[in-house]
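Engineer: Just so it is clear, I am handing over start-v4.cif, which has mmCIF, C-alpha atoms (C1' of nucleotides).
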```cif
data_entry
loop_
_atom_site.label_atom_id
_atom_site.label_comp_id
_atom_site.auth_asym_id
_atom_site.auth_seq_id
_atom_site.Cartn_x
_atom_site.Cartn_y
_atom_site.Cartn_z
CA MET A 1 7.92 -14.37 -26.58
CA PRO A 2 10.27 -12.47 -24.41
CA ARG A 3 9.32 -8.94 -24.10
CA PRO A 4 9.77 -6.90 -27.19
CA PRO A 5 9.39 -3.56 -25.57
CA SER A 6 7.42 -2.27 -28.44
CA GLY A 7 5.50 0.94 -28.54
CA ALA A 8 4.26 2.08 -25.24
CA ASP A 9 4.67 5.48 -23.77
CA THR A 10 3.44 7.74 -26.49
CA ARG A 11 4.27 10.24 -29.07
CA GLU A 12 7.25 12.40 -28.59
CA PRO A 13 6.66 14.28 -25.39
CA ALA A 14 8.22 17.26 -26.96
CA ILE A 15 11.72 16.32 -26.01
CA ALA A 16 13.48 19.61 -25.83
CA ARG A 17 16.89 18.21 -26.29
CA GLN A 18 19.83 20.30 -25.39
CA ASP A 19 23.34 19.03 -25.72
CA ASP A 20 24.74 21.96 -23.85
CA THR A 21 26.40 20.00 -21.12
CA VAL A 22 26.60 16.70 -22.89
CA ASN A 23 29.79 17.84 -24.44
CA ALA A 24 31.30 18.36 -21.05
CA ILE A 25 32.38 14.74 -20.99
CA PRO A 26 35.11 13.58 -18.67
CA THR A 27 37.61 12.50 -21.29
CA THR A 28 39.62 10.64 -18.71
CA ASP A 29 39.23 7.14 -20.06
CA ALA A 30 42.84 6.24 -20.49
CA ASN A 31 42.66 2.61 -19.46
CA ALA A 32 40.31 0.76 -21.76
CA THR A 33 39.71 -2.06 -19.28
CA PRO A 34 41.73 -4.65 -21.15
CA THR A 35 40.66 -7.53 -18.99
CA VAL A 36 37.55 -7.87 -16.93
CA ASN A 37 39.12 -8.02 -13.54
CA ALA A 38 39.73 -5.21 -11.11
CA THR A 39 37.17 -5.77 -8.44
CA SER A 40 35.70 -2.32 -8.63
CA ILE A 41 36.58 -0.35 -11.68
CA ASP A 42 36.20 3.13 -10.38
CA ALA A 43 34.07 5.48 -12.31
CA ASP A 44 36.67 6.77 -14.61
CA GLU A 45 34.53 5.65 -17.48
CA PRO A 46 31.23 7.48 -17.57
CA TRP A 47 29.22 4.51 -18.74
CA MET A 48 30.26 2.42 -15.80
CA ARG A 49 29.32 4.79 -13.09
CA GLY A 50 27.08 3.37 -10.46
CA LEU A 51 23.43 3.96 -10.99
CA HIS A 52 23.33 6.27 -8.05
CA ALA A 53 25.49 8.65 -9.99
CA ASP A 54 22.45 9.45 -12.06
CA THR A 55 20.04 11.97 -10.63
CA GLY A 56 17.30 10.80 -12.95
CA TYR A 57 17.58 7.25 -11.72
CA LEU A 58 17.64 8.38 -8.12
CA LEU A 59 14.44 10.28 -8.71
CA TYR A 60 12.84 7.26 -10.32
CA ARG A 61 13.76 5.01 -7.44
CA LEU A 62 12.87 7.41 -4.66
CA GLY A 63 9.61 8.11 -6.39
CA LEU A 64 8.80 4.44 -6.22
CA ARG A 65 9.62 4.31 -2.55
CA SER A 66 7.60 7.37 -1.83
CA GLY A 67 4.60 5.96 -3.63
CA GLN A 68 4.89 2.69 -1.78
CA LEU A 69 5.10 4.39 1.57
CA PHE A 70 2.06 6.45 0.76
CA ASN A 71 0.10 3.44 -0.35
CA THR A 72 0.89 1.32 2.65
CA SER A 73 0.00 4.20 4.90
CA LEU A 74 -3.31 4.54 3.11
CA GLN A 75 -4.12 0.90 2.70
CA GLU A 76 -6.17 0.56 5.84
CA SER A 77 -8.48 3.25 4.58
CA GLY A 78 -9.13 1.28 1.42
CA LEU A 79 -7.76 4.00 -0.79
CA ARG A 80 -4.64 4.35 -2.87
CA LEU A 81 -2.31 7.20 -3.52
CA ARG A 82 -4.21 8.28 -6.58
CA HIS A 83 -7.47 8.57 -4.67
CA TYR A 84 -5.67 10.63 -2.11
CA ALA A 85 -4.31 12.88 -4.81
CA VAL A 86 -7.79 13.50 -6.11
CA LEU A 87 -9.12 14.25 -2.66
CA ARG A 88 -6.32 16.65 -1.94
CA PHE A 89 -6.85 18.40 -5.22
CA LEU A 90 -10.55 18.73 -4.57
CA ALA A 91 -9.81 20.19 -1.16
CA THR A 92 -7.78 23.01 -2.60
CA GLY A 93 -10.62 24.41 -4.58
CA GLU A 94 -14.31 24.27 -4.89
CA GLY A 95 -14.77 21.06 -6.78
CA ALA A 96 -13.45 20.34 -10.23
CA LEU A 97 -14.51 19.01 -13.56
CA GLN A 98 -13.26 15.52 -14.25
CA ARG A 99 -11.43 16.90 -17.20
CA GLU A 100 -9.65 19.27 -14.86
CA LEU A 101 -8.64 16.43 -12.57
CA SER A 102 -7.25 14.58 -15.52
CA THR A 103 -5.05 17.36 -16.80
CA ARG A 104 -3.94 18.72 -13.46
CA LEU A 105 -3.14 15.41 -11.84
CA GLY A 106 -1.73 13.88 -14.97
CA TYR A 107 -4.02 10.85 -14.94
CA ASP A 108 -5.83 9.56 -17.97
CA PRO A 109 -9.51 10.57 -18.16
CA SER A 110 -10.44 6.90 -18.02
CA ALA A 111 -8.54 6.57 -14.78
CA ILE A 112 -10.43 9.47 -13.27
CA VAL A 113 -13.68 7.67 -13.86
CA GLY A 114 -12.70 4.76 -11.67
CA LEU A 115 -11.16 6.93 -8.99
CA VAL A 116 -14.22 9.11 -8.65
CA ASP A 117 -16.37 5.99 -8.68
CA ASP A 118 -14.48 4.67 -5.68
CA LEU A 119 -14.59 7.96 -3.84
CA GLU A 120 -18.29 8.25 -4.48
CA LYS A 121 -18.83 4.73 -3.23
CA LEU A 122 -17.08 5.60 -0.01
CA GLY A 123 -19.04 8.79 0.33
CA PHE A 124 -15.99 11.02 0.10
CA ALA A 125 -16.98 12.82 -3.08
CA GLU A 126 -19.96 13.43 -5.28
CA ARG A 127 -20.58 13.98 -8.94
CA ARG A 128 -22.84 16.86 -9.71
CA PRO A 129 -24.06 18.03 -13.07
CA ALA A 130 -22.29 21.06 -14.40
CA PRO A 131 -24.82 23.87 -14.78
CA ASP A 132 -23.42 25.28 -17.97
CA ASP A 133 -22.35 22.16 -19.80
CA ARG A 134 -24.27 18.94 -19.50
CA ARG A 135 -21.32 16.93 -20.74
CA SER A 136 -19.26 17.81 -17.71
CA ARG A 137 -19.58 16.59 -14.17
CA ILE A 138 -18.39 18.59 -11.23
CA VAL A 139 -16.77 16.52 -8.54
CA VAL A 140 -17.01 17.92 -5.04
CA LEU A 141 -15.77 16.82 -1.66
CA THR A 142 -18.42 15.71 0.77
CA GLU A 143 -18.25 16.46 4.45
CA ASN A 144 -17.10 12.89 4.93
CA GLY A 145 -14.33 13.47 2.47
CA ARG A 146 -13.17 16.53 4.39
CA ALA A 147 -13.21 14.58 7.61
CA PHE A 148 -11.19 11.83 6.00
CA LEU A 149 -8.56 14.28 4.84
CA ARG A 150 -8.34 15.78 8.30
CA GLY A 151 -7.89 12.31 9.72
CA THR A 152 -5.18 11.18 7.34
CA ASP A 153 -3.23 14.38 7.36
CA ALA A 154 -1.12 13.23 10.26
CA ALA A 155 -0.39 9.95 8.53
CA GLY A 156 0.70 11.78 5.44
CA LEU A 157 3.10 13.91 7.40
CA ARG A 158 4.43 10.82 9.08
CA VAL A 159 5.19 9.26 5.73
CA THR A 160 7.04 12.31 4.55
CA ASN A 161 8.96 12.39 7.79
CA GLU A 162 9.99 8.81 7.42
CA LEU A 163 11.05 9.31 3.85
CA LEU A 164 13.09 12.39 4.59
CA ALA A 165 14.44 11.10 7.86
CA PRO A 166 18.12 11.62 7.04
CA LEU A 167 17.58 15.30 6.27
CA ASP A 168 17.23 18.12 8.73
CA GLN A 169 14.60 20.77 8.48
CA GLN A 170 16.74 23.13 6.48
CA GLU A 171 17.70 20.48 3.95
CA ARG A 172 14.14 19.37 3.54
CA ALA A 173 13.16 22.88 2.65
CA THR A 174 15.79 23.22 -0.05
CA LEU A 175 14.97 19.80 -1.41
CA HIS A 176 11.33 20.71 -1.60
CA ALA A 177 12.11 23.97 -3.33
CA LEU A 178 14.28 22.26 -5.92
CA LEU A 179 11.74 19.56 -6.64
CA LEU A 180 9.05 22.16 -6.96
CA ARG A 181 11.04 24.02 -9.56
CA ILE A 182 11.41 20.88 -11.61
CA ALA A 183 7.81 19.88 -11.22
CA GLU A 184 6.43 23.23 -12.27
CA ASP A 185 8.66 23.27 -15.27
CA GLY A 186 6.84 20.37 -16.86
CA LEU A 187 3.50 21.88 -15.98
CA ASN A 188 2.55 19.14 -13.66
CA MET B 1 -18.01 -4.39 -11.15
CA PRO B 2 -15.97 -1.33 -11.61
CA ARG B 3 -13.24 -1.20 -9.10
CA PRO B 4 -14.18 -1.88 -5.54
CA PRO B 5 -11.11 -0.57 -3.81
CA SER B 6 -10.90 -3.80 -1.98
CA GLY B 7 -7.86 -5.92 -1.34
CA ALA B 8 -4.99 -5.17 -3.53
CA ASP B 9 -1.40 -4.53 -2.78
CA THR B 10 -1.26 -6.51 0.36
CA ARG B 11 -3.41 -8.04 2.97
CA GLU B 12 -6.02 -5.99 4.67
CA PRO B 13 -8.73 -6.24 2.14
CA ALA B 14 -10.91 -4.42 4.54
CA ILE B 15 -12.23 -1.13 3.40
CA ALA B 16 -11.93 -0.15 6.97
CA ARG B 17 -13.92 2.74 8.09
CA GLN B 18 -12.29 5.21 10.34
CA ASP B 19 -14.48 7.06 12.74
CA ASP B 20 -11.55 7.99 14.87
CA THR B 21 -11.10 11.42 13.52
CA VAL B 22 -14.47 11.80 12.00
CA ASN B 23 -15.58 13.16 15.32
CA ALA B 24 -12.97 15.84 15.14
CA ILE B 25 -15.38 18.12 13.45
CA PRO B 26 -14.21 21.21 11.64
CA THR B 27 -14.24 23.92 14.22
CA THR B 28 -13.22 26.52 11.71
CA ASP B 29 -15.68 26.19 8.91
CA ALA B 30 -18.25 28.54 10.17
CA ASN B 31 -19.82 28.35 6.78
CA ALA B 32 -20.80 24.74 6.48
CA THR B 33 -20.64 25.11 2.77
CA PRO B 34 -24.33 25.60 2.44
CA THR B 35 -23.76 26.14 -1.21
CA VAL B 36 -20.74 25.27 -3.23
CA ASN B 37 -19.30 28.71 -3.49
CA ALA B 38 -16.37 30.27 -1.68
CA THR B 39 -13.90 30.38 -4.48
CA SER B 40 -10.73 29.34 -2.72
CA ILE B 41 -10.46 28.47 0.92
CA ASP B 42 -6.91 29.46 1.61
CA ALA B 43 -4.56 26.94 3.09
CA ASP B 44 -5.06 27.84 6.68
CA GLU B 45 -6.02 24.27 7.26
CA PRO B 46 -3.16 21.84 6.70
CA TRP B 47 -5.32 19.17 5.14
CA MET B 48 -6.32 21.39 2.29
CA ARG B 49 -2.86 22.31 1.13
CA GLY B 50 -2.16 21.75 -2.50
CA LEU B 51 -0.57 18.48 -3.38
CA HIS B 52 2.65 20.17 -4.29
CA ALA B 53 3.08 21.14 -0.68
CA ASP B 54 4.03 17.55 0.00
CA THR B 55 7.60 16.57 -0.72
CA GLY B 56 6.67 12.91 -0.78
CA TYR B 57 4.10 13.45 -3.46
CA LEU B 58 6.49 15.56 -5.48
CA LEU B 59 9.01 12.76 -5.37
CA TYR B 60 6.41 10.27 -6.48
CA ARG B 61 5.36 12.39 -9.40
CA LEU B 62 8.84 13.35 -10.54
CA GLY B 63 9.89 9.74 -10.22
CA LEU B 64 7.18 8.84 -12.67
CA ARG B 65 8.31 11.48 -15.09
CA SER B 66 11.91 10.47 -14.78
CA GLY B 67 11.06 6.86 -15.48
CA GLN B 68 9.03 7.78 -18.52
CA LEU B 69 11.78 9.93 -19.94
CA PHE B 70 14.28 7.16 -19.46
CA ASN B 71 12.03 4.64 -21.11
CA THR B 72 11.25 6.74 -24.14
CA SER B 73 14.92 7.46 -24.56
CA LEU B 74 15.66 3.76 -24.41
CA GLN B 75 12.76 2.49 -26.43
CA GLU B 76 14.54 2.48 -29.76
CA SER B 77 17.18 0.19 -28.34
CA GLY B 78 14.55 -2.35 -27.39
CA LEU B 79 15.24 -2.08 -23.71
CA ARG B 80 13.49 -0.54 -20.75
CA LEU B 81 14.69 1.31 -17.73
CA ARG B 82 14.97 -1.84 -15.68
CA HIS B 83 17.20 -3.53 -18.23
CA TYR B 84 19.36 -0.47 -18.26
CA ALA B 85 19.60 -0.55 -14.49
CA VAL B 86 20.82 -4.13 -14.58
CA LEU B 87 23.39 -3.35 -17.24
CA ARG B 88 24.68 -0.40 -15.33
CA PHE B 89 24.95 -2.42 -12.19
CA LEU B 90 26.82 -5.16 -13.98
CA ALA B 91 29.19 -2.61 -15.39
CA THR B 92 30.22 -1.41 -11.96
CA GLY B 93 31.55 -4.76 -10.85
CA GLU B 94 32.59 -8.09 -12.11
CA GLY B 95 29.29 -9.75 -12.75
CA ALA B 96 26.75 -10.52 -10.10
CA LEU B 97 24.55 -13.28 -8.82
CA GLN B 98 20.93 -12.86 -9.72
CA ARG B 99 20.17 -12.74 -6.06
CA GLU B 100 22.55 -9.84 -5.76
CA LEU B 101 20.83 -8.00 -8.58
CA SER B 102 17.53 -8.51 -6.87
CA THR B 103 18.55 -7.10 -3.52
CA ARG B 104 20.74 -4.31 -4.78
CA LEU B 105 18.38 -3.05 -7.46
CA GLY B 106 15.29 -3.61 -5.40
CA TYR B 107 13.53 -5.77 -7.97
CA ASP B 108 11.80 -9.00 -7.18
CA PRO B 109 13.84 -12.11 -7.98
CA SER B 110 11.18 -13.15 -10.44
CA ALA B 111 11.61 -9.87 -12.25
CA ILE B 112 15.34 -10.44 -12.57
CA VAL B 113 14.71 -13.65 -14.45
CA GLY B 114 12.89 -11.93 -17.27
CA LEU B 115 15.30 -9.04 -17.41
CA VAL B 116 18.35 -11.27 -17.70
CA ASP B 117 16.51 -13.37 -20.25
CA ASP B 118 16.03 -10.33 -22.43
CA LEU B 119 19.59 -9.16 -22.02
CA GLU B 120 20.87 -12.59 -22.86
CA LYS B 121 18.68 -12.73 -25.92
CA LEU B 122 20.13 -9.44 -27.10
CA GLY B 123 23.63 -10.62 -26.42
CA PHE B 124 24.32 -7.97 -23.80
CA ALA B 125 24.79 -10.35 -20.89
CA GLU B 126 25.39 -13.98 -20.15
CA ARG B 127 24.49 -16.40 -17.41
CA ARG B 128 27.37 -18.48 -16.18
CA PRO B 129 27.31 -21.20 -13.59
CA ALA B 130 28.64 -20.14 -10.23
CA PRO B 131 31.68 -22.25 -9.38
CA ASP B 132 30.95 -22.61 -5.70
CA ASP B 133 27.18 -22.93 -5.68
CA ARG B 134 25.36 -24.67 -8.45
CA ARG B 135 22.10 -23.03 -7.49
CA SER B 136 23.42 -19.61 -8.40
CA ARG B 137 24.07 -18.10 -11.79
CA ILE B 138 26.57 -15.37 -12.33
CA VAL B 139 25.45 -12.75 -14.76
CA VAL B 140 28.18 -10.97 -16.65
CA LEU B 141 28.30 -8.23 -19.23
CA THR B 142 29.37 -9.26 -22.71
CA GLU B 143 31.49 -7.09 -24.89
CA ASN B 144 28.32 -6.19 -26.77
CA GLY B 145 26.78 -5.07 -23.54
CA ARG B 146 29.73 -2.82 -22.82
CA ALA B 147 29.49 -1.35 -26.28
CA PHE B 148 25.81 -0.71 -25.80
CA LEU B 149 26.41 1.11 -22.54
CA ARG B 150 29.06 3.25 -24.16
CA GLY B 151 26.63 4.08 -26.93
CA THR B 152 23.69 5.02 -24.75
CA ASP B 153 25.59 6.98 -22.19
CA ALA B 154 25.08 10.22 -24.04
CA ALA B 155 21.36 9.57 -24.28
CA GLY B 156 21.18 9.00 -20.55
CA LEU B 157 22.89 12.27 -19.85
CA ARG B 158 20.51 14.00 -22.20
CA VAL B 159 17.55 12.66 -20.28
CA THR B 160 18.91 13.86 -17.00
CA ASN B 161 19.62 17.22 -18.52
CA GLU B 162 16.11 17.55 -19.80
CA LEU B 163 14.65 16.55 -16.49
CA LEU B 164 16.76 18.99 -14.53
CA ALA B 165 16.51 21.74 -17.10
CA PRO B 166 15.26 24.42 -14.72
CA LEU B 167 18.21 23.95 -12.38
CA ASP B 168 21.70 25.27 -12.83
CA GLN B 169 24.77 23.17 -12.27
CA GLN B 170 25.14 24.14 -8.65
CA GLU B 171 21.54 23.32 -7.82
CA ARG B 172 21.74 19.99 -9.59
CA ALA B 173 24.67 19.05 -7.43
CA THR B 174 22.90 19.86 -4.18
CA LEU B 175 19.76 18.08 -5.36
CA HIS B 176 21.78 15.03 -6.21
CA ALA B 177 23.51 15.08 -2.86
CA LEU B 178 20.24 15.32 -0.98
CA LEU B 179 18.61 12.53 -2.96
CA LEU B 180 21.63 10.37 -2.43
CA ARG B 181 21.41 10.82 1.30
CA ILE B 182 17.80 9.72 1.27
CA ALA B 183 18.44 6.82 -1.05
CA GLU B 184 21.29 5.43 0.94
CA ASP B 185 19.30 5.66 4.10
CA GLY B 186 16.88 3.00 2.97
CA LEU B 187 19.72 0.87 1.72
CA ASN B 188 18.71 1.05 -1.84
"C1'" DG C 1 24.80 -40.55 5.71
"C1'" DA C 2 19.93 -39.59 5.81
"C1'" DG C 3 16.75 -36.26 6.88
"C1'" DC C 4 15.71 -31.33 7.05
"C1'" DA C 5 15.65 -26.26 7.14
"C1'" DA C 6 17.33 -22.62 4.23
"C1'" DT C 7 18.44 -20.70 -0.19
"C1'" DA C 8 18.72 -19.53 -5.62
"C1'" DA C 9 16.35 -19.44 -9.60
"C1'" DT C 10 12.18 -20.03 -11.68
"C1'" DT C 11 7.09 -20.13 -12.85
"C1'" DG C 12 2.58 -18.45 -12.34
"C1'" DT C 13 -0.93 -15.35 -10.54
"C1'" DT C 14 -2.98 -11.16 -9.17
"C1'" DG C 15 -3.91 -6.31 -8.95
"C1'" DA C 16 -2.40 -1.59 -10.08
"C1'" DC C 17 -1.27 1.39 -13.69
"C1'" DG C 18 -0.40 3.98 -18.16
"C1'" DT C 19 -1.87 4.25 -22.85
"C1'" DC C 20 -4.89 3.99 -26.55
"C1'" DA C 21 -9.15 3.34 -29.37
"C1'" DA C 22 -13.98 3.66 -29.64
"C1'" DT C 23 -18.57 5.29 -28.32
"C1'" DA C 24 -22.62 8.13 -26.66
"C1'" DG C 25 -24.18 12.47 -25.43
"C1'" DT C 26 -23.44 17.41 -25.91
"C1'" DT C 27 -21.80 21.84 -27.55
"C1'" DG C 28 -20.73 25.47 -30.77
"C1'" DT C 29 -20.25 26.70 -35.46
"C1'" DT C 30 -21.37 27.12 -40.10
"C1'" DA D 1 -29.52 20.84 -40.47
"C1'" DA D 2 -24.89 19.19 -40.71
"C1'" DC D 3 -20.51 18.88 -38.71
"C1'" DA D 4 -16.30 19.26 -35.99
"C1'" DA D 5 -14.75 19.39 -31.27
"C1'" DC D 6 -15.26 17.94 -26.69
"C1'" DT D 7 -16.70 15.18 -22.07
"C1'" DA D 8 -17.28 11.21 -19.77
"C1'" DT D 9 -17.16 6.50 -20.21
"C1'" DT D 10 -16.02 1.74 -21.59
"C1'" DG D 11 -12.94 -1.73 -23.08
"C1'" DA D 12 -8.58 -3.56 -24.52
"C1'" DC D 13 -3.51 -4.24 -24.19
"C1'" DG D 14 0.98 -4.20 -22.16
"C1'" DT D 15 4.00 -3.07 -18.23
"C1'" DC D 16 5.03 -3.62 -13.61
"C1'" DA D 17 5.30 -4.67 -8.59
"C1'" DA D 18 4.24 -8.01 -5.05
"C1'" DC D 19 3.44 -12.91 -3.66
"C1'" DA D 20 2.90 -17.86 -3.44
"C1'" DA D 21 4.55 -22.09 -4.92
"C1'" DT D 22 7.98 -25.21 -7.04
"C1'" DT D 23 12.55 -27.20 -8.25
"C1'" DA D 24 17.32 -27.87 -7.59
"C1'" DT D 25 20.78 -27.31 -4.42
"C1'" DT D 26 23.29 -26.37 -0.15
"C1'" DG D 27 24.59 -26.81 4.67
"C1'" DC D 28 23.47 -28.44 9.07
"C1'" DT D 29 22.44 -31.92 12.34
"C1'" DC D 30 21.59 -36.10 14.55
#
```
Translate the structure of the given file into structure tokens.
Structural biologist:
Amino acid sequence: MPRPPSGADTREPAIARQDDTVNAIPTTDANATPTVNATSIDADEPWMRGLHADTGYLLYRLGLRSGQLFNTSLQESGLRLRHYAVLRFLATGEGALQRELSTRLGYDPSAIVGLVDDLEKLGFAERRPAPDDRRSRIVVLTENGRAFLRGTDAAGLRVTNELLAPLDQQERATLHALLLRIAEDGLN
Amino acid sequence: MPRPPSGADTREPAIARQDDTVNAIPTTDANATPTVNATSIDADEPWMRGLHADTGYLLYRLGLRSGQLFNTSLQESGLRLRHYAVLRFLATGEGALQRELSTRLGYDPSAIVGLVDDLEKLGFAERRPAPDDRRSRIVVLTENGRAFLRGTDAAGLRVTNELLAPLDQQERATLHALLLRIAEDGLN
DNA sequence: GAGCAATAATTGTTGACGTCAATAGTTGTT
DNA sequence: AACAACTATTGACGTCAACAATTATTGCTC
């Protein structure tokens, strides 16, 4: 049983397709690669461009690397990137419902449960009953959690620095701005 | 036994406490949060910035989204992003050793095995014995594989377009250039 | 020319992760 | 009082990355 990549992701994430620029195809494929030689068939055929020609793939790959860097930098603290994300989110406000964490961070509600469990176990966060709705729990940072964030802030910056090493300050700023535009688009 | 954040990715199972910075007590939180009020403590403290202030985290998150988009766009073909990556890599050259695929694409050798298995099963690629080293296998694109790439190229472009929707052509170019610089740094 | 370290492909295992379905407790509405 | 919608939670399934171990093979060395 190989790997029939059957259903997985989900239902139609509202793919707003737009062929606007798809039409703008090269049209320069004169040589139809008769034989399979030519050590490096330069990208005169769109479908044989290198992967790095694709911004989407670059994002995918750099995202992986970024996540890995974050995780290794966090590993001695016993947390993972997702815990860190929750902590950082909690630090921006005044505590949040688990539901809120789920939608804002993009994690499944069932994932939030485990993450908050871990954070609670480490004393970095607490669940408190919501006063107005007994179904909800409000998750708040503890003083320990704040201290932890203070302590790992430098490490976080170091990771970002390492990742963006080849860029100067100016370029980092524009990169960040561009990424932010994309991220906010999808209501992340 | 929910999820003790113990050993996972690598060694260092230790939960590891860190008192180092715990001593570095606030100094600016005059109000020791006696209650849980104070609607929004503005980001005058670096460690309570929003997550989106971190380029690394943005990359991580957008990488996820990019991967998902790619996968959903590919799912009807029975392949996943990683298969597509292999195909695209094969298309750039003249076939490759599995070892080569592993190092260049950044996947574990054991992952390559399954990927090539699937591609072979679909008739998109073939394993051939390497003439000079009987340990190695050379993986080559079949004509079917080429046809498949031609067919899905438009879909790939559509995905990238959707992802980068909020950016105009100029901005996409600079984003791509910046990402490429980063990617090539780590020898991807 | 027989041993021996290194290497390529492979198998198997483990933990993290995303998705989905189901359930119990709760809320608001009718 | 009944019912639909919602929150947190549990459990299951499949994908995926990271490793360890194994087999076949190579190249080196003594």
Engineer: Between B:Ser77, B:Gln68, B:Thr174, B:Asn144, which has the minimum distance to chain C (counting all atoms listed in the file)?
Structural biologist: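 Comparing B:Ser77, B:Gln68, B:Thr174, B:Asn144 against chain C, the winner is B:Gln68.
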Engineer: What residues in chain A lie within 9 Å of chain D, counting all atoms listed in the file, written as a ChimeraX atom specification?
Structural biologist: /A:8,98-99,109-110,113,134-137
Engineer: Quick one: which residues from chain C are at most 12 Å off chain B, using all atoms listed in the file, as a ChimeraX atom specification?
Structural biologist: /C:7-12,14-18
Engineer: May I have the residues from that selection written out with C-alpha atoms (C1' of nucleotides), as a short mmCIF file (atom, residue, chain, number, x, y, z; two decimals), in the frame of the given file?
Structural biologist:
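Result file follows (selection_0.cif):
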```cif
data_model
loop_
_atom_site.label_atom_id
_atom_site.label_comp_id
_atom_site.auth_asym_id
_atom_site.auth_seq_id
_atom_site.Cartn_x
_atom_site.Cartn_y
_atom_site.Cartn_z
"C1'" DT C 7 18.44 -20.70 -0.19
"C1'" DA C 8 18.72 -19.53 -5.62
"C1'" DA C 9 16.35 -19.44 -9.60
"C1'" DT C 10 12.18 -20.03 -11.68
"C1'" DT C 11 7.09 -20.13 -12.85
"C1'" DG C 12 2.58 -18.45 -12.34
"C1'" DT C 14 -2.98 -11.16 -9.17
"C1'" DG C 15 -3.91 -6.31 -8.95
"C1'" DA C 16 -2.40 -1.59 -10.08
"C1'" DC C 17 -1.27 1.39 -13.69
"C1'" DG C 18 -0.40 3.98 -18.16
#
```
Engineer: Please, what distance in Å, to one decimal, runs between CA of Leu59 (chain B) and CA of Gly63 (chain A)?
Structural biologist: 4.8 Å
Engineer: Give as a count of residues only every residue of chain A that touches chain B within 6 Å, counting only C-alpha atoms.
Structural biologist: 25
Engineer: What does the distance from CA of Glu126 (chain A) to CA of Asp108 (chain A) come to in Å, to one decimal?
Structural biologist: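 If I compute the distance from CA of Glu126 (chain A) to CA of Asp108 (chain A), I get 19.4 Å.
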Engineer: Can you measure C1' of DT27 (chain C) to CA of Glu120 (chain A) for me? One decimal in Å is fine.
Structural biologist: 27.0 Å
Engineer: Take every atom of region 128-133 of chain A listed in the file, fit an axis-aligned box around them, add 8 Å per side, and give the centre and edge lengths in Å to one decimal as lines of an AutoDock Vina configuration file.
Structural biologist:
```
center_x = -23.6
center_y = 21.1
center_z = -14.8
size_x = 18.5
size_y = 24.4
size_z = 26.1
```
Engineer: Please write the residues picked by the PyMOL selection byres ((chain A and resi 128) around 7) on this file as a list in words.
Structural biologist: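 Written out, the selection comes to Glu126, Arg127, Pro129, Ala130, Arg137, Ile138 and Val139 of chain A.
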Engineer: Please save C-alpha atoms of the selected residues as an mmCIF file, keeping the file's coordinate frame.
Structural biologist:
```
data_model
loop_
_atom_site.group_PDB
_atom_site.id
_atom_site.type_symbol
_atom_site.label_atom_id
_atom_site.label_comp_id
_atom_site.auth_asym_id
_atom_site.auth_seq_id
_atom_site.Cartn_x
_atom_site.Cartn_y
_atom_site.Cartn_z
ATOM 1 C CA GLU A 126 -19.960 13.430 -5.280
ATOM 2 C CA ARG A 127 -20.580 13.980 -8.940
ATOM 3 C CA PRO A 129 -24.060 18.030 -13.070
ATOM 4 C CA ALA A 130 -22.290 21.060 -14.400
ATOM 5 C CA ARG A 137 -19.580 16.590 -14.170
ATOM 6 C CA ILE A 138 -18.390 18.590 -11.230
ATOM 7 C CA VAL A 139 -16.770 16.520 -8.540
#
```
